[in-house]
Amino acid sequence: MDIFFDILGYIVNNFVFGLTVIIFASYLILALISAIALRTYLRKNSFVDYNNIILAPLTPSISVIAPAFNEEKSIVDNIRALLSLYYNNFEVIVVNDGSTDNTFKTVLEAFDLERVNYFFDYRIPCERIRGVYKSKNRSFKKLTFIDKVNGGKADALNAGINISKNDLICSIDVDSIMEPDALLKMVKPFMEETDKKVIGTGGVIRIANSCQIENGQIKKIHLPEKFLPRAQVLEYTRAFLMARMAWGKLNGLLLISGALGMFDKEIVIKCGGYSTSTVGEDMELVVRMRRFMAEQKLKYQIIYIPDPLVWTEVPSTLKILGRQRNRWTRGTMETLFKHKILFMNPKYGIFGMLGYTYWLLFEWLAPIIEFLGLLYFVLLIIFGQPNWYFFLLLLAFVYTYAVALSTWALLFEEMTFHKYEKRREVLKLFLMALIEPIVYHPLTVSWSILGNIDYLRGVRSWGKMEREGFKNHKGSKTT
Amino acid sequence: MNRCIIQGRFIFLITIIFFLQHYSSIVFAQPEKSLSEKSESSEKRYERAILWGERFYQLHLNTLALKQFDKAHKIKPGAYFPTYRSNQLKIKLHQPKNTNLGFMVFDFNKPGILISALILVILFSFTSMVTALTIVLVNRNHMILAEKRKQHLREEYQTMLVNFLFAKDINEELIQKIRRIASTNINRRILIDQMIDLSITLTGLEKERLKELYLALKLDQDSNKKALAKKWHIKAKGFRELAFMNIHSANSEIINCLSSKNDVLRMEAQFAMVRLNPDNSFGFLDFLQKRFTLWEQLNVYETITFHHLELPNFEKWLQSDNDSVVMFSLRMISVFKQISAYNSMLSLLEHTNPEIRNQTIQVFGNLKIIESLPHLKRIYKNETYSNCMTIVSAMGKMPDNSMLSFLKLVLDKEDDVQLQIEAAKAINKMGEEGSVALTKLLNSDYKNYQIIIKHVLDKRIS
């Protein structure tokens with residue numbers, strides 16, 4: 001029996017250690033690729049005058065689609081903010097996904113809407129449309145409001161796609177705040193298309209907790225005051241500026257966040273729109289679009305823009321954050337298993353060989369292995385004699401590397417967009433980098449494990465997501 | 001399933017089987033006799049440790065082998081073989097008993113190379129962390145100071161430049177003062193940027209005077225140096241400066257870069273050519289081989305409109321081999337209403353590229369060229385879905401009653417709702433005759449017609 005444990009221990013030790021080294025090495029490689037890509041982007045961007053897009057008649061038309069469910073408190077400000085985006089050729093489609101509060105009535109009154117005789121073409125299947133509304137006021141002529149039976153976010157987006165008149169669609173969470181020039185930056189890669197068709201663009205999502213917001217627009221940027229949102233600032237900075245930037249450069253990006261993404265409508269429709277059978281519809285759509293293009297043997301790319309384009313409120317309580325992460329894990333699993341054909345499949349290029357494999361091993365499996373490793377160590381303490389010196393050395397290795405990674409992310413942020421102006425805020429983020437591996441990271445691992453368990457139990461619901469709302473932020477004003 | 005996947009997975013499976021077979025043949029070479037016995041003598045435990053130690057040794061699993069030989073050594077401290085193997089393995093693993101960290105000695109009981117690697121990574125992480133944090137904090141101060149200095153210089157230069165440009169005579173003293181201040185590279189860069197910004201708003205005599213000052217300060221040498229630099233972003237900046245200041249000295253380098261792989265450099269070269277070559281501003285379209293992206297087209301269009309450049313006859317590029325150049329020409333014909341290109345455009349309805357046909361149809365609609373209607377009607381049957389939509393939409397833009405029966409046919413025969421809606425919209429734009437036709441259809445029994453026509457007649461839906 002002791003030999004069995006020796007062998008098991010040997011395998012676990014080497015496997016976990018080996019995987020850790022591979023993960024850390026991949027982080028380093030991705031960080032280097034990101035650094036190069038960011039430098040090139042910023043240099044190229046210094047020659048760009050986005051005003052050219054606003055004025056020119058050659059720009060592509062865009063439909064901004066914002067699904068809304070029980071958003072009565074902030075929807076009016078958010079729609080106003082969407083209508084005042086800098087672009088000349090766009091429409092805003094707000095989809096009321098069977099809200100049970102006063103969202104419908106509030107929007108109707110605020111924008112002077114009336115029902116029109118709209119012929120609704122269900123090109124992508126979605127729940128029944130109860131009515132399409134347009135404003136009597138010509139100032140709001142860009143706005144179309146759809147009232148439909150509840151079917152979830154993906155279903156609401158599909159309804160919006162069905163009604164959109166334009167070549168490009170931009171999906172956005174109605175409770176997120178878009179930077180006024182976000183559409184200009186997102187449309188540019190479509191205009192730069194060469195022999196590879198651009199099928200989607202995504203950008204950086206920033207955290208709006210504690211920021212000062214006026215009439216649906218960010219007026220002053222502050223670091224979140226609470227612990228959890230602050231930890232997420234660091235997490236988002238690492239993910240968006242280091243990992244996704246590199247995957248964008250490698251054309252292996254699997255995810256354009258549901259908070260903001262722009263897509264070629266024709267391809268989205270050909271792919272059948274958003275999937276209503278998954279809780280990770282944003283990732284699933286990107287993967288399906290990529291599969292479709294590869295299977296049609298069409299050259300394509302998905303472009304990632306490192307500019308901060310949208311601000312969103314992240315969960316600030318353990319309960320809500322846990323639900324969100326649980327859902328993200330289930331969404332990832334659903335997508336990965338649904339498209340398992342991609343695994344190490346050269347037919348799908350870098351996306352299949354590297355992108356998918358990376359997500360499978362490091363985004364889905366890594367937390368499980370981390371958890372099992374921890375469990376093994378506890379067993380080792382109970383039944384055997386762990387090598388404490390070596391354990392402490394490994395701990396120091398993992399900890400310093402994790403903190404270094406976060407500090408590099410802060411450096412990337414400083415060298416690019418430095419949104420947090422106060423030096424005190426940078427120091428607070430560094431302090432968070434020191435605490436995060438000990439306090440926050442174990443939480444994310446446990447939520448991921450719970451997500452795996454829930455997936456196996458067949459849980460498919462979104463889980464109730466509650467937001468504090470921007471009105472509570474210091475100095476924030478609403479109309 | 002793709003052959004590549006099958007092959008890849010087959011190779012993967014074979015490799016696994018090979019290793020399993022290889023390892024199992026060594027591990028399970030002898031029957032395990034004593035493993036199941038609950039009470040064992042020290043002799044048996046010794047034998048088993050030696051047996052497994054040797055198995056692991058053969059498999060090159062040195063750490064596991066060492067553990068077994070150490071176990072055997074503990075059972076029989078005097079035995080030669082386990083001590084020999086143990087020492088042999090320790091040498092193999094480069095494993096000193098203790099690791100000396102300089103200030104403390106630790107017994108990690110792991111290969112020395114691994115410990116050294118881990119310590120190196122820890123030191124690297126720590127150093128890079130401290131360095132990154134220092135850069136972040138120092139950069140803050142540096143940025144604030146640099147921005148303040150730049151702002152001060154910008155204001156100073158702007159005042160001096162305005163005084164120089166609007167003075168009655170050329171002020172040599174002022175030129176000397178500017179030259180003195182702009183003696184460093186950074187200051188010259190700021191001065192050049194200021195002059196470029198100013199040049200955008202100037203015309204006539206003032207613009208000439210600004211160019212004279214630029215030459216007097218020998219800033220053209222800076223721009224030339226940039227234009228000849230190896231780094232693309234410096235080169236592109238040089239092209240831009242020369243274009244704005246209308247200096248032709250680096251034209252050959254600009255021409256070389258018209259087909260550069262770097263999109264920004266290529267675009268800046270195009271932009272410079274349009275500005276610097278008034279006799280043949282769009283000459284680069286003649287030999288452009290790369291795709292002329294919509295972004296590049298938009299920037300050229302902006303240059304034309306912003307600087308009021310003389311327009312060429314875009315018709316001459318309609319037969320270009322480069323499809324993107326044809327698309328650009330069609331767009332420009334539409335924007336600048338060059339209707340004289342009609343005959344050349346007509347031949348594009350037979351072009352092999354459906355996007356070009358689509359753009360041509362759009363131009364006919366935008367320019368309301370009614371003569372094109374019979375041709376559009378003719379090609380409808382064999383066109384792609386997207387082009388059929390554009391044809392019907394174009395017919396709506398140039399309402400002509402001769403198309404009424406055709407549009408009714410589209411409404412009646414097409415299965416696609418979007419096409420039906422577009423056809424109904426086109427009919428609706430045909431004045432009284434169109435309205436009568438739609439009213440008749442509205443009263444028909446076919447329910448879909450009623451909904452489509454109600455949709456089309458609702459003016460709130462634009």
# chains A, B, ... in the order shown; residues from 1 in each chain; ligands from 1

call {"tool": "interface_residues", "arguments": {"of": "chain A", "to": "chain B", "cutoff": "7 Å", "atoms": "only C-alpha atoms", "output": "list in words"}}
result
Arg43, Lys44, Asn52, Ala56, Leu58, Val116, Asn117, Tyr118, Phe119, Asp121, Lys134, Met191, Glu192, Glu193, Thr194, Asn345, Pro346, Tyr389, Phe390, Ala396, Phe397, Thr400, Tyr401, Ala404, Thr407, Trp408, Leu411, Glu414 and Arg423 of chain A

call {"tool": "write_last_selection", "arguments": {"atoms": "N, CA and C atoms", "output": "PDB file, in the first residue's frame"}}
result
ATOM      1  N   ARG A  43       1.266  52.748 -30.998  1.00  0.00           N
ATOM      2  CA  ARG A  43       1.983  53.487 -32.044  1.00  0.00           C
ATOM      3  C   ARG A  43       1.089  53.735 -33.249  1.00  0.00           C
ATOM      4  N   LYS A  44       0.371  52.680 -33.651  1.00  0.00           N
ATOM      5  CA  LYS A  44      -0.515  52.827 -34.818  1.00  0.00           C
ATOM      6  C   LYS A  44      -1.630  53.829 -34.501  1.00  0.00           C
ATOM      7  N   ASN A  52     -12.474  61.413 -38.331  1.00  0.00           N
ATOM      8  CA  ASN A  52     -12.712  61.098 -39.742  1.00  0.00           C
ATOM      9  C   ASN A  52     -13.899  60.163 -39.910  1.00  0.00           C
ATOM     10  N   ALA A  56     -17.354  61.047 -42.174  1.00  0.00           N
ATOM     11  CA  ALA A  56     -17.361  60.481 -43.535  1.00  0.00           C
ATOM     12  C   ALA A  56     -18.654  59.736 -43.877  1.00  0.00           C
ATOM     13  N   LEU A  58     -18.726  57.137 -45.744  1.00  0.00           N
ATOM     14  CA  LEU A  58     -18.387  55.750 -46.114  1.00  0.00           C
ATOM     15  C   LEU A  58     -18.492  54.768 -44.951  1.00  0.00           C
ATOM     16  N   VAL A 116     -45.738  50.722 -33.226  1.00  0.00           N
ATOM     17  CA  VAL A 116     -45.804  50.865 -34.683  1.00  0.00           C
ATOM     18  C   VAL A 116     -46.209  49.524 -35.303  1.00  0.00           C
ATOM     19  N   ASN A 117     -46.631  49.616 -36.580  1.00  0.00           N
ATOM     20  CA  ASN A 117     -47.085  48.392 -37.270  1.00  0.00           C
ATOM     21  C   ASN A 117     -45.896  47.643 -37.834  1.00  0.00           C
ATOM     22  N   TYR A 118     -45.150  47.054 -36.988  1.00  0.00           N
ATOM     23  CA  TYR A 118     -43.906  46.432 -37.434  1.00  0.00           C
ATOM     24  C   TYR A 118     -44.143  44.985 -37.866  1.00  0.00           C
ATOM     25  N   PHE A 119     -43.642  44.658 -39.047  1.00  0.00           N
ATOM     26  CA  PHE A 119     -43.706  43.255 -39.467  1.00  0.00           C
ATOM     27  C   PHE A 119     -42.451  42.581 -38.963  1.00  0.00           C
ATOM     28  N   ASP A 121     -39.862  39.767 -38.642  1.00  0.00           N
ATOM     29  CA  ASP A 121     -39.363  38.602 -39.371  1.00  0.00           C
ATOM     30  C   ASP A 121     -38.477  37.775 -38.425  1.00  0.00           C
ATOM     31  N   LYS A 134     -41.702  53.052 -31.423  1.00  0.00           N
ATOM     32  CA  LYS A 134     -40.829  54.137 -31.888  1.00  0.00           C
ATOM     33  C   LYS A 134     -41.292  55.424 -31.217  1.00  0.00           C
ATOM     34  N   MET A 191     -13.289  48.291 -40.898  1.00  0.00           N
ATOM     35  CA  MET A 191     -12.930  49.119 -42.052  1.00  0.00           C
ATOM     36  C   MET A 191     -11.517  48.818 -42.544  1.00  0.00           C
ATOM     37  N   GLU A 192     -10.718  48.228 -41.663  1.00  0.00           N
ATOM     38  CA  GLU A 192      -9.333  47.917 -42.036  1.00  0.00           C
ATOM     39  C   GLU A 192      -9.199  46.514 -42.621  1.00  0.00           C
ATOM     40  N   GLU A 193     -10.313  45.855 -42.793  1.00  0.00           N
ATOM     41  CA  GLU A 193     -10.331  44.466 -43.268  1.00  0.00           C
ATOM     42  C   GLU A 193      -9.534  44.308 -44.563  1.00  0.00           C
ATOM     43  N   THR A 194      -8.681  43.310 -44.610  1.00  0.00           N
ATOM     44  CA  THR A 194      -7.914  43.045 -45.844  1.00  0.00           C
ATOM     45  C   THR A 194      -8.380  41.714 -46.427  1.00  0.00           C
ATOM     46  N   ASN A 345      -7.328  20.311 -32.858  1.00  0.00           N
ATOM     47  CA  ASN A 345      -7.716  20.020 -34.236  1.00  0.00           C
ATOM     48  C   ASN A 345      -7.064  21.022 -35.190  1.00  0.00           C
ATOM     49  N   PRO A 346      -6.121  20.562 -36.005  1.00  0.00           N
ATOM     50  CA  PRO A 346      -5.396  21.515 -36.868  1.00  0.00           C
ATOM     51  C   PRO A 346      -6.271  22.200 -37.902  1.00  0.00           C
ATOM     52  N   TYR A 389      10.066  22.229   4.106  1.00  0.00           N
ATOM     53  CA  TYR A 389      10.983  23.194   3.494  1.00  0.00           C
ATOM     54  C   TYR A 389      10.647  23.390   2.017  1.00  0.00           C
ATOM     55  N   PHE A 390      10.447  22.233   1.356  1.00  0.00           N
ATOM     56  CA  PHE A 390      10.148  22.312  -0.071  1.00  0.00           C
ATOM     57  C   PHE A 390       8.778  22.964  -0.303  1.00  0.00           C
ATOM     58  N   ALA A 396       6.538  30.113  -1.851  1.00  0.00           N
ATOM     59  CA  ALA A 396       7.195  31.391  -2.151  1.00  0.00           C
ATOM     60  C   ALA A 396       7.272  31.590  -3.665  1.00  0.00           C
ATOM     61  N   PHE A 397       7.547  30.503  -4.387  1.00  0.00           N
ATOM     62  CA  PHE A 397       7.640  30.553  -5.855  1.00  0.00           C
ATOM     63  C   PHE A 397       6.297  30.980  -6.463  1.00  0.00           C
ATOM     64  N   THR A 400       5.279  34.745  -5.163  1.00  0.00           N
ATOM     65  CA  THR A 400       6.019  35.866  -5.760  1.00  0.00           C
ATOM     66  C   THR A 400       5.708  35.989  -7.253  1.00  0.00           C
ATOM     67  N   TYR A 401       5.532  34.845  -7.909  1.00  0.00           N
ATOM     68  CA  TYR A 401       5.228  34.894  -9.345  1.00  0.00           C
ATOM     69  C   TYR A 401       3.854  35.522  -9.575  1.00  0.00           C
ATOM     70  N   ALA A 404       4.106  39.177  -8.928  1.00  0.00           N
ATOM     71  CA  ALA A 404       4.857  39.814 -10.018  1.00  0.00           C
ATOM     72  C   ALA A 404       3.963  39.992 -11.248  1.00  0.00           C
ATOM     73  N   THR A 407       1.731  42.839 -10.747  1.00  0.00           N
ATOM     74  CA  THR A 407       2.460  44.114 -10.824  1.00  0.00           C
ATOM     75  C   THR A 407       2.775  44.452 -12.281  1.00  0.00           C
ATOM     76  N   TRP A 408       3.088  43.440 -13.074  1.00  0.00           N
ATOM     77  CA  TRP A 408       3.311  43.698 -14.511  1.00  0.00           C
ATOM     78  C   TRP A 408       2.031  44.241 -15.148  1.00  0.00           C
ATOM     79  N   LEU A 411       1.813  47.716 -14.452  1.00  0.00           N
ATOM     80  CA  LEU A 411       2.770  48.438 -15.310  1.00  0.00           C
ATOM     81  C   LEU A 411       2.186  48.621 -16.722  1.00  0.00           C
ATOM     82  N   GLU A 414      -0.265  51.312 -16.586  1.00  0.00           N
ATOM     83  CA  GLU A 414       0.397  52.611 -16.442  1.00  0.00           C
ATOM     84  C   GLU A 414       0.960  53.090 -17.779  1.00  0.00           C
ATOM     85  N   ARG A 423      -1.687  58.450  -7.293  1.00  0.00           N
ATOM     86  CA  ARG A 423      -0.626  57.513  -6.941  1.00  0.00           C
ATOM     87  C   ARG A 423      -1.095  56.581  -5.812  1.00  0.00           C
TER      88      ARG A 423
END

call {"tool": "select_by_dssp", "arguments": {"residues": "region 112-329 of chain B", "states": "helix (DSSP H, G or I)", "output": "count of residues only"}}
result
170

call {"tool": "atom_distance", "arguments": {"atom1": "CA of Ser259 (chain B)", "atom2": "CA of Ile54 (chain A)"}}
result
27.4 Å

call {"tool": "atom_distance", "arguments": {"atom1": "CA of Cys388 (chain B)", "atom2": "CA of Tyr274 (chain A)"}}
result
27.1 Å

call {"tool": "residues_around", "arguments": {"residues": "region 78-92 of chain B", "least_positions_apart": "5", "cutoff": "8 Å", "atoms": "only C-alpha atoms", "output": "list in words"}}
result
Ile50, Asn62, Leu66, Phe69, Asp70, Ala72 and His73 of chain B

call {"tool": "atom_distance", "arguments": {"atom1": "CA of Gly200 (chain A)", "atom2": "CA of Asp264 (chain A)"}}
result
6.3 Å
